[in-house]
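Here is the file coords_16.tsv (TSV, C-alpha atoms).
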```tsv
chain	number	residue	atom	x	y	z
Q	23	MET	CA	13.78	-26.87	-26.55
Q	24	PHE	CA	15.87	-23.73	-26.37
Q	25	SER	CA	13.64	-20.85	-27.42
Q	26	LEU	CA	15.42	-17.82	-28.78
Q	27	GLN	CA	12.11	-15.99	-28.87
Q	28	LYS	CA	11.65	-16.66	-25.15
Q	29	LEU	CA	15.19	-15.54	-24.33
Q	30	MET	CA	14.73	-12.37	-26.33
Q	31	GLY	CA	11.41	-11.64	-24.63
Q	32	LYS	CA	9.26	-11.62	-27.74
Q	33	ASP	CA	6.56	-13.81	-26.21
Q	34	ASP	CA	5.96	-10.79	-24.02
Q	35	LYS	CA	4.64	-12.10	-20.72
Q	36	PHE	CA	4.90	-8.61	-19.35
Q	37	PHE	CA	1.61	-7.60	-21.00
Q	38	THR	CA	-0.19	-10.48	-19.29
Q	39	LEU	CA	1.35	-9.67	-15.91
Q	40	LEU	CA	0.57	-5.97	-16.15
Q	41	GLU	CA	-3.03	-6.70	-17.15
Q	42	ALA	CA	-3.38	-9.10	-14.23
Q	43	SER	CA	-2.03	-6.41	-11.90
Q	44	ALA	CA	-4.58	-3.87	-13.18
Q	45	GLU	CA	-7.35	-6.46	-12.72
Q	46	GLU	CA	-6.31	-6.97	-9.08
Q	47	ALA	CA	-6.64	-3.23	-8.53
Q	48	ARG	CA	-10.17	-3.44	-9.91
Q	49	HIS	CA	-11.02	-6.46	-7.73
Q	50	SER	CA	-9.95	-4.62	-4.61
Q	51	VAL	CA	-12.34	-1.76	-5.42
Q	52	GLN	CA	-15.14	-4.25	-6.09
Q	53	SER	CA	-14.51	-5.80	-2.66
Q	54	LEU	CA	-14.66	-2.36	-1.12
Q	55	ASN	CA	-17.93	-1.70	-2.89
Q	56	ARG	CA	-19.37	-4.93	-1.45
Q	57	ILE	CA	-18.47	-4.15	2.16
Q	58	LEU	CA	-19.65	-0.57	1.97
Q	59	ALA	CA	-22.94	-1.67	0.41
Q	60	ASN	CA	-23.58	-3.94	3.41
Q	61	PRO	CA	-22.86	-1.80	6.47
Q	62	ALA	CA	-24.76	-4.29	8.65
Q	63	SER	CA	-22.19	-7.09	8.20
Q	64	PRO	CA	-18.85	-6.46	9.94
Q	65	PRO	CA	-16.12	-5.74	7.35
Q	66	SER	CA	-13.19	-8.13	7.10
Q	67	LEU	CA	-9.73	-7.38	5.79
Q	68	ALA	CA	-9.28	-10.79	4.18
Q	69	GLU	CA	-10.57	-9.89	0.70
Q	70	PHE	CA	-8.47	-6.72	0.41
Q	71	HIS	CA	-5.44	-8.41	1.75
Q	72	ALA	CA	-5.87	-11.19	-0.83
Q	73	ALA	CA	-6.10	-8.66	-3.69
Q	74	LYS	CA	-3.03	-6.79	-2.48
Q	75	GLU	CA	-1.03	-9.97	-1.92
Q	76	ALA	CA	-2.00	-11.26	-5.40
Q	77	ASP	CA	-0.81	-7.99	-6.87
Q	78	LYS	CA	2.37	-8.15	-4.82
Q	79	LYS	CA	3.11	-11.60	-6.24
Q	80	ILE	CA	2.56	-10.29	-9.77
Q	81	THR	CA	4.88	-7.36	-9.07
Q	82	GLU	CA	7.51	-9.78	-7.76
Q	83	GLN	CA	7.12	-11.93	-10.89
Q	84	ILE	CA	7.63	-8.82	-12.99
Q	85	ASN	CA	10.72	-7.91	-10.99
Q	86	VAL	CA	12.23	-11.37	-11.48
Q	87	ALA	CA	11.40	-11.28	-15.20
Q	88	LEU	CA	13.02	-7.85	-15.48
Q	89	VAL	CA	16.31	-9.26	-14.18
Q	90	THR	CA	16.23	-12.41	-16.34
Q	91	THR	CA	14.79	-11.10	-19.63
Q	92	PHE	CA	17.17	-9.43	-22.05
Q	93	VAL	CA	14.72	-7.82	-24.44
Q	94	SER	CA	11.11	-6.88	-24.10
Q	95	GLN	CA	8.83	-4.97	-26.43
Q	96	LEU	CA	8.51	-2.45	-23.62
Q	97	GLU	CA	11.53	-0.78	-22.03
Q	98	ARG	CA	12.44	-2.43	-18.75
Q	99	GLU	CA	12.40	0.75	-16.71
Q	100	ASP	CA	8.91	1.58	-18.06
Q	101	ILE	CA	7.63	-1.85	-17.02
Q	102	GLU	CA	9.05	-1.32	-13.54
Q	103	VAL	CA	7.46	2.12	-13.16
Q	104	LEU	CA	4.05	0.92	-14.38
Q	105	SER	CA	4.14	-2.19	-12.22
Q	106	ALA	CA	4.93	-0.08	-9.13
Q	107	ALA	CA	2.15	2.40	-10.00
Q	108	LEU	CA	-0.41	-0.41	-10.43
Q	109	TYR	CA	0.58	-2.12	-7.17
Q	110	LYS	CA	-0.08	1.08	-5.25
Q	111	ILE	CA	-3.81	1.00	-6.15
Q	112	PRO	CA	-4.88	-2.15	-4.19
Q	113	LYS	CA	-2.32	-1.24	-1.53
Q	114	THR	CA	-4.04	2.08	-0.88
Q	115	VAL	CA	-7.49	0.42	-1.01
Q	116	GLU	CA	-6.30	-2.05	1.63
Q	117	LYS	CA	-5.02	0.82	3.75
Q	118	PHE	CA	-8.45	2.46	3.54
Q	119	ALA	CA	-10.15	-0.82	4.57
Q	120	GLU	CA	-7.79	-1.18	7.57
Q	121	ARG	CA	-8.55	2.35	8.75
Q	122	LEU	CA	-12.28	1.82	8.18
Q	123	ILE	CA	-12.20	-1.28	10.36
Q	124	ILE	CA	-10.23	0.31	13.20
Q	125	SER	CA	-12.41	3.43	13.21
Q	126	GLU	CA	-15.73	1.63	12.67
Q	127	ARG	CA	-17.16	2.89	15.95
Q	128	VAL	CA	-16.62	6.57	15.13
Q	129	VAL	CA	-17.41	6.54	11.39
Q	130	LYS	CA	-20.45	4.29	11.21
Q	131	ALA	CA	-23.37	5.33	8.96
Q	132	THR	CA	-21.14	7.31	6.60
Q	133	ASP	CA	-22.17	7.22	2.95
Q	134	PHE	CA	-19.24	6.56	0.60
Q	135	THR	CA	-21.38	5.86	-2.50
Q	136	ARG	CA	-20.09	8.79	-4.54
Q	137	HIS	CA	-16.49	7.94	-3.78
Q	138	ILE	CA	-17.00	4.33	-4.77
Q	139	ALA	CA	-18.56	5.34	-8.10
Q	140	LEU	CA	-15.45	7.39	-8.90
Q	141	LEU	CA	-13.09	4.58	-7.83
Q	142	ASP	CA	-15.00	2.11	-9.94
Q	143	ALA	CA	-14.79	4.32	-13.01
Q	144	ALA	CA	-11.09	5.06	-12.43
Q	145	THR	CA	-9.98	1.43	-12.03
Q	146	GLN	CA	-12.09	0.39	-15.05
Q	147	GLN	CA	-10.28	3.03	-17.09
Q	148	VAL	CA	-6.88	1.82	-15.88
Q	149	VAL	CA	-7.67	-1.78	-16.89
Q	150	GLU	CA	-8.70	-0.60	-20.37
Q	151	MET	CA	-5.59	1.54	-20.74
Q	152	VAL	CA	-3.20	-1.26	-19.74
Q	153	LYS	CA	-4.86	-3.52	-22.35
Q	154	GLN	CA	-3.94	-0.97	-25.02
Q	155	LEU	CA	-0.24	-1.69	-24.44
Q	156	ARG	CA	-0.51	-4.94	-26.44
Q	157	ARG	CA	-1.31	-2.82	-29.46
Q	158	LEU	CA	1.78	-0.63	-29.26
Q	159	GLY	CA	2.79	0.62	-32.67
Q	160	GLU	CA	-0.76	0.31	-34.06
Q	161	GLY	CA	-1.43	4.02	-33.84
Q	162	ARG	CA	-3.40	3.90	-30.56
Q	163	LEU	CA	-2.01	7.17	-29.18
Q	164	ASP	CA	-5.19	9.18	-29.72
Q	165	GLN	CA	-7.39	6.57	-28.03
Q	166	VAL	CA	-5.00	6.33	-25.08
Q	167	LYS	CA	-4.84	10.10	-24.73
Q	168	GLU	CA	-8.63	10.24	-24.75
Q	169	MET	CA	-8.79	7.57	-22.02
Q	170	ASN	CA	-6.23	9.48	-20.00
Q	171	THR	CA	-8.30	12.65	-20.31
Q	172	ARG	CA	-11.30	10.77	-18.89
Q	173	LEU	CA	-9.11	9.56	-16.01
Q	174	GLN	CA	-7.95	13.13	-15.32
Q	175	GLN	CA	-11.60	14.19	-15.31
Q	176	ILE	CA	-12.43	11.52	-12.71
Q	177	GLU	CA	-9.49	12.69	-10.61
Q	178	GLY	CA	-10.75	16.29	-10.86
Q	179	ASP	CA	-14.20	15.15	-9.69
Q	180	ALA	CA	-12.61	13.32	-6.74
Q	181	ASP	CA	-10.79	16.54	-5.76
Q	182	LYS	CA	-14.08	18.45	-5.80
Q	183	LEU	CA	-15.78	15.74	-3.77
Q	184	ILE	CA	-13.16	15.83	-1.03
Q	185	LEU	CA	-13.57	19.61	-0.70
Q	186	GLU	CA	-17.30	19.16	-0.31
Q	187	VAL	CA	-17.03	16.49	2.38
Q	188	LEU	CA	-14.32	18.44	4.24
Q	189	ARG	CA	-16.60	21.47	4.33
Q	190	ASP	CA	-19.14	19.35	6.18
Q	191	LEU	CA	-16.48	17.92	8.53
Q	192	TYR	CA	-15.28	21.40	9.49
Q	193	SER	CA	-18.82	22.71	10.08
Q	194	GLY	CA	-18.53	22.15	13.83
Q	195	LYS	CA	-21.36	19.66	14.09
Q	196	HIS	CA	-19.07	16.61	14.39
Q	197	GLU	CA	-17.12	15.27	17.32
Q	198	ALA	CA	-13.33	15.87	17.02
Q	199	THR	CA	-12.28	12.20	16.90
Q	200	ARG	CA	-14.83	11.58	14.15
Q	201	VAL	CA	-13.41	14.51	12.15
Q	202	LEU	CA	-9.91	13.07	12.52
Q	203	ALA	CA	-10.94	9.59	11.42
Q	204	MET	CA	-13.21	10.72	8.57
Q	205	LYS	CA	-10.64	13.12	7.15
Q	206	ASP	CA	-8.15	10.27	7.05
Q	207	LEU	CA	-10.64	8.00	5.25
Q	208	TYR	CA	-11.70	10.60	2.69
Q	209	GLU	CA	-8.08	11.43	1.92
Q	210	LEU	CA	-7.23	7.77	1.41
Q	211	LEU	CA	-10.12	7.35	-1.05
Q	212	GLU	CA	-8.94	10.40	-2.95
Q	213	LYS	CA	-5.43	8.97	-2.95
Q	214	VAL	CA	-6.70	5.77	-4.62
Q	215	VAL	CA	-8.02	7.87	-7.51
Q	216	ASP	CA	-4.67	9.70	-7.63
Q	217	ARG	CA	-2.88	6.35	-7.87
Q	218	CYS	CA	-5.13	5.43	-10.83
Q	219	ARG	CA	-4.30	8.75	-12.47
Q	220	ASP	CA	-0.58	8.08	-11.94
Q	221	ALA	CA	-0.87	4.64	-13.58
Q	222	GLY	CA	-2.79	6.20	-16.49
Q	223	ASN	CA	-0.05	8.80	-16.95
Q	224	VAL	CA	2.60	6.08	-17.09
Q	225	VAL	CA	0.65	4.14	-19.75
Q	226	THR	CA	0.23	7.32	-21.81
Q	227	HIS	CA	3.93	8.05	-21.49
Q	228	ILE	CA	4.82	4.54	-22.71
Q	229	VAL	CA	2.45	4.73	-25.68
Q	230	LEU	CA	3.80	8.18	-26.56
Q	231	LYS	CA	7.39	6.90	-26.46
Q	232	ASN	CA	6.51	3.98	-28.71
Q	233	SER	CA	4.29	5.82	-31.19
U	6	MET	CA	47.09	22.32	-18.10
U	7	ILE	CA	43.72	20.94	-19.07
U	8	SER	CA	43.01	17.65	-17.37
U	9	PHE	CA	40.81	15.53	-19.63
U	10	GLN	CA	40.10	13.11	-16.85
U	11	ARG	CA	38.78	15.97	-14.75
U	12	LEU	CA	36.70	17.33	-17.59
U	13	LEU	CA	35.31	14.02	-18.71
U	14	GLY	CA	34.61	11.94	-15.70
U	15	ARG	CA	34.61	12.23	-11.93
U	16	GLU	CA	32.89	8.93	-11.33
U	17	ASP	CA	34.23	8.35	-7.83
U	18	GLU	CA	33.26	11.80	-6.63
U	19	PHE	CA	29.63	11.33	-7.66
U	20	PHE	CA	29.36	8.00	-5.89
U	21	PHE	CA	31.16	9.37	-2.85
U	22	LEU	CA	28.71	12.28	-2.55
U	23	LEU	CA	25.65	10.06	-2.98
U	24	GLU	CA	26.98	7.74	-0.26
U	25	ALA	CA	27.65	10.73	2.00
U	26	SER	CA	24.08	11.90	1.43
U	27	ALA	CA	22.68	8.47	2.37
U	28	GLN	CA	24.91	8.53	5.47
U	29	GLU	CA	23.26	11.80	6.59
U	30	GLY	CA	19.93	9.94	6.57
U	31	VAL	CA	21.47	7.35	8.91
U	32	ASN	CA	22.83	10.13	11.17
U	33	ALA	CA	19.45	11.87	11.35
U	34	VAL	CA	17.73	8.65	12.43
U	35	GLY	CA	20.45	8.09	15.04
U	36	ALA	CA	19.60	11.50	16.50
U	37	LEU	CA	15.89	10.63	16.39
U	38	LYS	CA	16.52	7.46	18.33
U	39	ARG	CA	18.41	9.39	21.01
U	40	ILE	CA	15.65	11.94	21.62
U	41	THR	CA	12.77	9.47	21.56
U	42	THR	CA	14.42	6.93	23.85
U	43	ASN	CA	15.52	9.49	26.46
U	44	PRO	CA	12.34	11.38	27.34
U	45	SER	CA	14.06	12.89	30.39
U	46	LEU	CA	16.49	14.83	28.15
U	47	THR	CA	15.41	18.19	26.79
U	48	PRO	CA	15.38	17.56	23.05
U	49	THR	CA	16.99	20.07	20.69
U	50	LEU	CA	16.92	20.42	16.94
U	51	ASP	CA	20.69	20.96	16.53
U	52	GLU	CA	21.63	17.44	15.45
U	53	PHE	CA	18.74	17.18	12.97
U	54	ALA	CA	19.36	20.58	11.48
U	55	ALA	CA	23.06	19.71	11.12
U	56	ALA	CA	22.28	16.45	9.27
U	57	ARG	CA	19.80	18.15	6.95
U	58	ARG	CA	22.13	21.13	6.31
U	59	LYS	CA	25.02	18.80	5.54
U	60	ASP	CA	22.81	16.89	3.13
U	61	LYS	CA	21.75	20.13	1.48
U	62	GLU	CA	25.43	21.04	0.97
U	63	ILE	CA	26.07	17.63	-0.57
U	64	THR	CA	23.10	18.05	-2.91
U	65	SER	CA	24.36	21.50	-3.96
U	66	GLN	CA	27.85	20.07	-4.58
U	67	LEU	CA	26.33	17.35	-6.76
U	68	GLU	CA	24.32	19.92	-8.73
U	69	GLU	CA	27.45	22.00	-9.29
U	70	MET	CA	29.44	18.96	-10.40
U	71	LEU	CA	26.71	18.04	-12.85
U	72	ILE	CA	27.11	21.45	-14.49
U	73	HIS	CA	30.89	21.18	-14.80
U	74	THR	CA	31.26	17.52	-15.76
U	75	PHE	CA	30.80	16.32	-19.34
U	76	VAL	CA	30.51	12.62	-18.70
U	77	THR	CA	28.73	11.27	-15.65
U	78	PRO	CA	28.70	7.63	-14.47
U	79	ILE	CA	24.89	7.59	-14.67
U	80	GLU	CA	22.49	9.97	-16.40
U	81	ARG	CA	22.37	13.51	-15.03
U	82	GLU	CA	18.64	13.53	-14.34
U	83	ASP	CA	18.99	10.23	-12.45
U	84	ILE	CA	21.76	11.63	-10.24
U	85	GLU	CA	19.63	14.70	-9.57
U	86	GLU	CA	16.58	12.63	-8.74
U	87	LEU	CA	18.47	10.29	-6.43
U	88	ALA	CA	20.15	13.22	-4.65
U	89	ASP	CA	16.72	14.82	-4.18
U	90	ARG	CA	15.17	11.61	-2.79
U	91	LEU	CA	18.10	11.08	-0.41
U	92	TYR	CA	17.83	14.66	0.84
U	93	LYS	CA	14.15	14.16	1.66
U	94	ILE	CA	15.00	11.46	4.25
U	95	PRO	CA	16.78	13.69	6.83
U	96	LYS	CA	14.39	16.50	5.90
U	97	THR	CA	11.36	14.41	6.90
U	98	VAL	CA	13.12	13.18	10.06
U	99	GLU	CA	13.85	16.81	10.98
U	100	LYS	CA	10.19	17.69	10.43
U	101	PHE	CA	9.23	14.94	12.89
U	102	ALA	CA	11.76	16.28	15.40
U	103	GLU	CA	10.40	19.83	15.08
U	104	ARG	CA	6.85	18.65	15.82
U	105	TYR	CA	8.07	16.36	18.60
U	106	ILE	CA	9.90	19.20	20.34
U	107	LEU	CA	6.91	21.49	19.87
U	108	THR	CA	4.57	19.02	21.55
U	109	ALA	CA	7.01	17.36	23.96
U	110	PRO	CA	4.93	17.94	27.12
U	111	GLN	CA	1.98	16.02	25.62
U	112	VAL	CA	3.85	13.22	23.87
U	113	ARG	CA	7.04	12.66	25.88
U	114	GLU	CA	5.80	9.39	27.35
U	115	THR	CA	4.74	7.94	23.99
U	116	ASN	CA	6.69	4.94	22.80
U	117	PHE	CA	7.88	5.42	19.20
U	118	SER	CA	10.42	2.60	19.37
U	119	ARG	CA	8.80	0.26	16.82
U	120	GLN	CA	8.64	2.97	14.18
U	121	VAL	CA	12.17	4.20	14.92
U	122	PHE	CA	13.49	0.62	14.76
U	123	LEU	CA	12.03	0.16	11.27
U	124	LEU	CA	13.28	3.54	10.15
U	125	GLU	CA	16.77	2.70	11.41
U	126	GLN	CA	16.76	-0.46	9.28
U	127	ALA	CA	15.36	1.35	6.25
U	128	VAL	CA	18.08	4.05	6.19
U	129	THR	CA	20.74	1.35	6.58
U	130	VAL	CA	19.36	-0.55	3.55
U	131	VAL	CA	19.30	2.70	1.53
U	132	LEU	CA	22.97	3.28	2.37
U	133	GLN	CA	23.78	-0.29	1.30
U	134	MET	CA	21.89	0.24	-1.96
U	135	VAL	CA	23.78	3.45	-2.74
U	136	GLN	CA	27.06	1.63	-2.02
U	137	ALA	CA	25.94	-1.26	-4.27
U	138	LEU	CA	25.27	1.18	-7.11
U	139	ARG	CA	29.03	1.34	-7.79
U	140	ALA	CA	29.22	-2.43	-8.30
U	141	GLY	CA	26.11	-2.33	-10.51
U	142	SER	CA	24.75	-5.76	-9.59
U	143	LEU	CA	21.05	-5.75	-10.50
U	144	GLY	CA	20.34	-8.96	-8.54
U	145	ASN	CA	21.86	-7.52	-5.37
U	146	ILE	CA	20.00	-4.22	-5.74
U	147	LYS	CA	16.69	-6.04	-6.30
U	148	THR	CA	17.24	-8.11	-3.11
U	149	LEU	CA	17.85	-4.95	-1.09
U	150	GLN	CA	14.87	-3.24	-2.72
U	151	ASN	CA	12.62	-6.15	-1.66
U	152	GLN	CA	13.90	-5.77	1.92
U	153	LEU	CA	13.02	-2.10	1.78
U	154	GLN	CA	9.51	-2.85	0.45
U	155	ASP	CA	8.98	-5.33	3.32
U	156	LEU	CA	10.11	-2.74	5.88
U	157	GLU	CA	7.72	-0.21	4.36
U	158	ALA	CA	4.82	-2.67	4.54
U	159	GLU	CA	5.66	-3.42	8.17
U	160	ALA	CA	5.79	0.32	8.93
U	161	ASP	CA	2.26	0.62	7.49
U	162	ASP	CA	1.04	-2.13	9.83
U	163	VAL	CA	2.71	-0.52	12.85
U	164	LEU	CA	1.07	2.81	11.96
U	165	THR	CA	-2.37	1.17	11.77
U	166	GLY	CA	-1.81	-0.34	15.23
U	167	TYR	CA	-0.86	3.06	16.69
U	168	ILE	CA	-3.83	4.79	15.08
U	169	ARG	CA	-6.25	2.17	16.38
U	170	ASN	CA	-5.43	3.35	19.93
U	171	LEU	CA	-6.16	6.96	19.03
U	172	TYR	CA	-9.75	6.09	18.10
U	173	GLU	CA	-10.45	4.35	21.41
U	174	PRO	CA	-13.32	5.91	23.36
U	175	GLY	CA	-12.12	8.59	25.73
U	176	PHE	CA	-8.75	9.23	24.05
U	177	PRO	CA	-8.14	13.01	24.31
U	178	ALA	CA	-8.90	14.59	20.91
U	179	LEU	CA	-6.01	17.09	20.92
U	180	LYS	CA	-3.47	14.42	21.84
U	181	ALA	CA	-4.92	12.20	19.08
U	182	VAL	CA	-4.37	14.97	16.49
U	183	ILE	CA	-0.77	15.53	17.63
U	184	LEU	CA	0.14	11.85	17.79
U	185	LYS	CA	-1.43	11.07	14.44
U	186	ASP	CA	0.70	13.79	12.89
U	187	LEU	CA	3.87	12.37	14.49
U	188	PHE	CA	3.10	8.73	13.61
U	189	ASP	CA	2.32	9.76	10.02
U	190	LEU	CA	5.62	11.65	9.72
U	191	ASN	CA	7.66	8.67	10.93
U	192	GLU	CA	5.90	6.45	8.44
U	193	LYS	CA	6.53	9.02	5.71
U	194	ALA	CA	10.27	8.88	6.47
U	195	VAL	CA	10.17	5.11	5.74
U	196	ASP	CA	8.26	5.90	2.52
U	197	ARG	CA	11.05	8.30	1.55
U	198	CYS	CA	13.57	5.49	2.02
U	199	ARG	CA	11.47	3.21	-0.21
U	200	ASP	CA	11.30	5.98	-2.84
U	201	ALA	CA	15.10	6.37	-2.82
U	202	GLY	CA	15.43	2.59	-3.18
U	203	ASN	CA	13.05	2.61	-6.16
U	204	VAL	CA	15.13	5.29	-7.89
U	205	ILE	CA	18.32	3.25	-7.39
U	206	SER	CA	16.67	0.14	-8.83
U	207	HIS	CA	15.35	2.18	-11.76
U	208	ILE	CA	18.83	3.57	-12.48
U	209	LEU	CA	20.35	0.11	-12.51
U	210	LEU	CA	17.65	-1.27	-14.79
U	211	LYS	CA	18.34	1.54	-17.24
U	212	ASN	CA	22.07	0.92	-17.17
U	213	SER	CA	22.22	-2.87	-17.12
```
How does this structure look as structure tokens?
Amino acid sequence: MFSLQKLMGKDDKFFTLLEASAEEARHSVQSLNRILANPASPPSLAEFHAAKEADKKITEQINVALVTTFVSQLEREDIEVLSAALYKIPKTVEKFAERLIISERVVKATDFTRHIALLDAATQQVVEMVKQLRRLGEGRLDQVKEMNTRLQQIEGDADKLILEVLRDLYSGKHEATRVLAMKDLYELLEKVVDRCRDAGNVVTHIVLKNS
Amino acid sequence: MISFQRLLGREDEFFFLLEASAQEGVNAVGALKRITTNPSLTPTLDEFAAARRKDKEITSQLEEMLIHTFVTPIEREDIEELADRLYKIPKTVEKFAERYILTAPQVRETNFSRQVFLLEQAVTVVLQMVQALRAGSLGNIKTLQNQLQDLEAEADDVLTGYIRNLYEPGFPALKAVILKDLFDLNEKAVDRCRDAGNVISHILLKNS
């Protein structure tokens, strides 16, 4: 049956797709947590690649829907910006995992626990924020702003952490190749938190526009 | 006599300048290909600086036109953003060339061809996307944007392959630092192309 509601985009599938994308970002961080918690077992890229590919498929679905849907509760350009921001989270996590694998020999026995705790908190916050989009127009601006403040706080903590670990790297007690590889890895982890902050800013912007 | 057409809209001129800016990205990558595939030549910055300077002039012209034109074919801030993203392509390529020339004795024998090949394709797709902006076909732009995303993903994989070699036991540390910088810059140039493509897609979504 011809559905006018479907044509006009009122059954908003975009919310479901965006939530799924945020969940994939969270899964990729959980995978990272698992491999870093078991340094004895050799890490494999498969899990990260699966999370990124799943997110890529979601992003492609969103792109197709953007071209074929006339009206959505959210503005089309906002959906596109948020979808791109969300996709970058598992993509950067995968990049970290690739670099970790290729530099395993020089970076072994490094403790990433504090970084992982921040990534976990940041992706959890992003998932919660994206869920708030379904309640646009219900006066959720204050809650979303509060969530975004927490995300900014996490990002600030990640900045402080990278300074601390760089201080140790530049102390002169490490071999040069190790410094090069570790700096790269720390920066990528910090970038993942930045990507979460970017996604949080986009959600806040959308809620602000629709409040 | 006041020309209303001149005051109100200079649609063609905007598109022409954006296309010219994208073309400077193509020219810069052409120069990059020449210096990296002919290690026996003494590389100079002239061609890169010329491409970046020309692009800067185009960007300034666009900014001036935005001040003096009442009606623009697309929103002012979008034109400004696209011009800025396009300018960053030859600027990043020039940055690579500066570092390459600076470190030529250590890196002259390095093969950058896979990265340069991808970059060459990426700037060509950006030019096609800017040209397609006039026609305003969202489907066409999305197809080109997907191509650009694939090229960017491939450039990431190539970079990982290059970096793997740098971490091999016995690889000289100083050379590893220099090469990592150069490989990263080439990859960044492809990222700049992807960013320009994203802006074009965003503009079309807003206006379709």
Among listed residues U:Ala102, U:Leu153, U:Leu164, U:Val131, nearest Arg119 (chain U) (using only C-alpha atoms):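 Smallest separation from Arg119 (chain U) among the options: U:Leu164.
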task: Could you please select, counting only C-alpha atoms, the residues of chain U within 7 Å of chain Q and state them as a count of residues only?
output: 9
task: Please check which residues have atoms at most 7 Å from (8.8, 6.1, 21.8) in the file's coordinates, counting only C-alpha atoms, and write them as a ChimeraX atom specification.
output: /U:41-42,115-118
Include C-alpha atoms and write out the residues we just selected as a tab-separated table (two decimals), in the coordinates of the input.
```tsv
chain	number	residue	atom	x	y	z
U	41	THR	CA	12.77	9.47	21.56
U	42	THR	CA	14.42	6.93	23.85
U	115	THR	CA	4.74	7.94	23.99
U	116	ASN	CA	6.69	4.94	22.80
U	117	PHE	CA	7.88	5.42	19.20
U	118	SER	CA	10.42	2.60	19.37
```
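Distance annotation: of Q:Thr91, Q:Thr226, Q:Gln52, Q:Asn232, the residue with the minimal separation from Lys153 (chain Q) is Q:Thr226; atom set is all atoms listed in the file.
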field: Between CA of Phe19 (chain U) and CA of Ser206 (chain U), distance in Å (one decimal)
entry: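 We find that CA of Phe19 (chain U) and CA of Ser206 (chain U) lie 17.2 Å from each other.
Here the question is which of U:Ile72, U:Ala56, U:Val128, U:Leu67 gets nearest to Arg199 (chain U) using all atoms listed in the file, and that residue is U:Val128.
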Enumerate, as an mmCIF file with C-alpha atoms, in the coordinates of the input, the protein, DNA and RNA residues whose atoms approach (27.9, 4.4, -4.6) to within 7 Å, taking into account all atoms listed in the file and the coordinate frame of the file.
```cif
data_model
loop_
_atom_site.group_PDB
_atom_site.id
_atom_site.type_symbol
_atom_site.label_atom_id
_atom_site.label_comp_id
_atom_site.auth_asym_id
_atom_site.auth_seq_id
_atom_site.Cartn_x
_atom_site.Cartn_y
_atom_site.Cartn_z
ATOM 1 C CA PHE U 20 29.360 8.000 -5.890
ATOM 2 C CA PHE U 21 31.160 9.370 -2.850
ATOM 3 C CA LEU U 23 25.650 10.060 -2.980
ATOM 4 C CA GLU U 24 26.980 7.740 -0.260
ATOM 5 C CA VAL U 135 23.780 3.450 -2.740
ATOM 6 C CA GLN U 136 27.060 1.630 -2.020
ATOM 7 C CA ALA U 137 25.940 -1.260 -4.270
ATOM 8 C CA LEU U 138 25.270 1.180 -7.110
ATOM 9 C CA ARG U 139 29.030 1.340 -7.790
#
```
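Pairwise distance (CA of Gln147 (chain Q), CA of Asp161 (chain U)) equals 27.7 Å.
With distances restricted to all atoms listed in the file, Q:Arg219 is the closest residue to Asn170 (chain Q) from Q:Arg219, Q:Lys74, Q:Lys35, Q:His49.
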message: One number please: CA of Ser43 (chain Q) to CA of Asp77 (chain Q), in Å, one decimal.
response: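 One can read the CA of Ser43 (chain Q) to CA of Asp77 (chain Q) distance as 5.4 Å.
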message: At a cut-off of 8 Å, using all atoms listed in the file, what residues contact Phe53 (chain U)? Leave out same-chain residues fewer than 3 positions from it and give the result as a PyMOL selection string.
response: chain U and resi 33+36-37+50+56-57+95+98-99+102
Taking C-alpha atoms for each residue, export the selection above as a short mmCIF file (atom, residue, chain, number, x, y, z; two decimals), in the coordinates of the input.
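And here's again-v6.cif as it stands now:
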```cif
data_model
loop_
_atom_site.label_atom_id
_atom_site.label_comp_id
_atom_site.auth_asym_id
_atom_site.auth_seq_id
_atom_site.Cartn_x
_atom_site.Cartn_y
_atom_site.Cartn_z
CA ALA U 33 19.45 11.87 11.35
CA ALA U 36 19.60 11.50 16.50
CA LEU U 37 15.89 10.63 16.39
CA LEU U 50 16.92 20.42 16.94
CA ALA U 56 22.28 16.45 9.27
CA ARG U 57 19.80 18.15 6.95
CA PRO U 95 16.78 13.69 6.83
CA VAL U 98 13.12 13.18 10.06
CA GLU U 99 13.85 16.81 10.98
CA ALA U 102 11.76 16.28 15.40
#
```
- request: Excluding Val163 (chain U) and residues on its chain fewer than 3 positions from it, collect all residues at most 8 Å away from it, counting all atoms listed in the file, and give them as number ranges by chain.
  value: U: 119-120, 159-160, 166-167
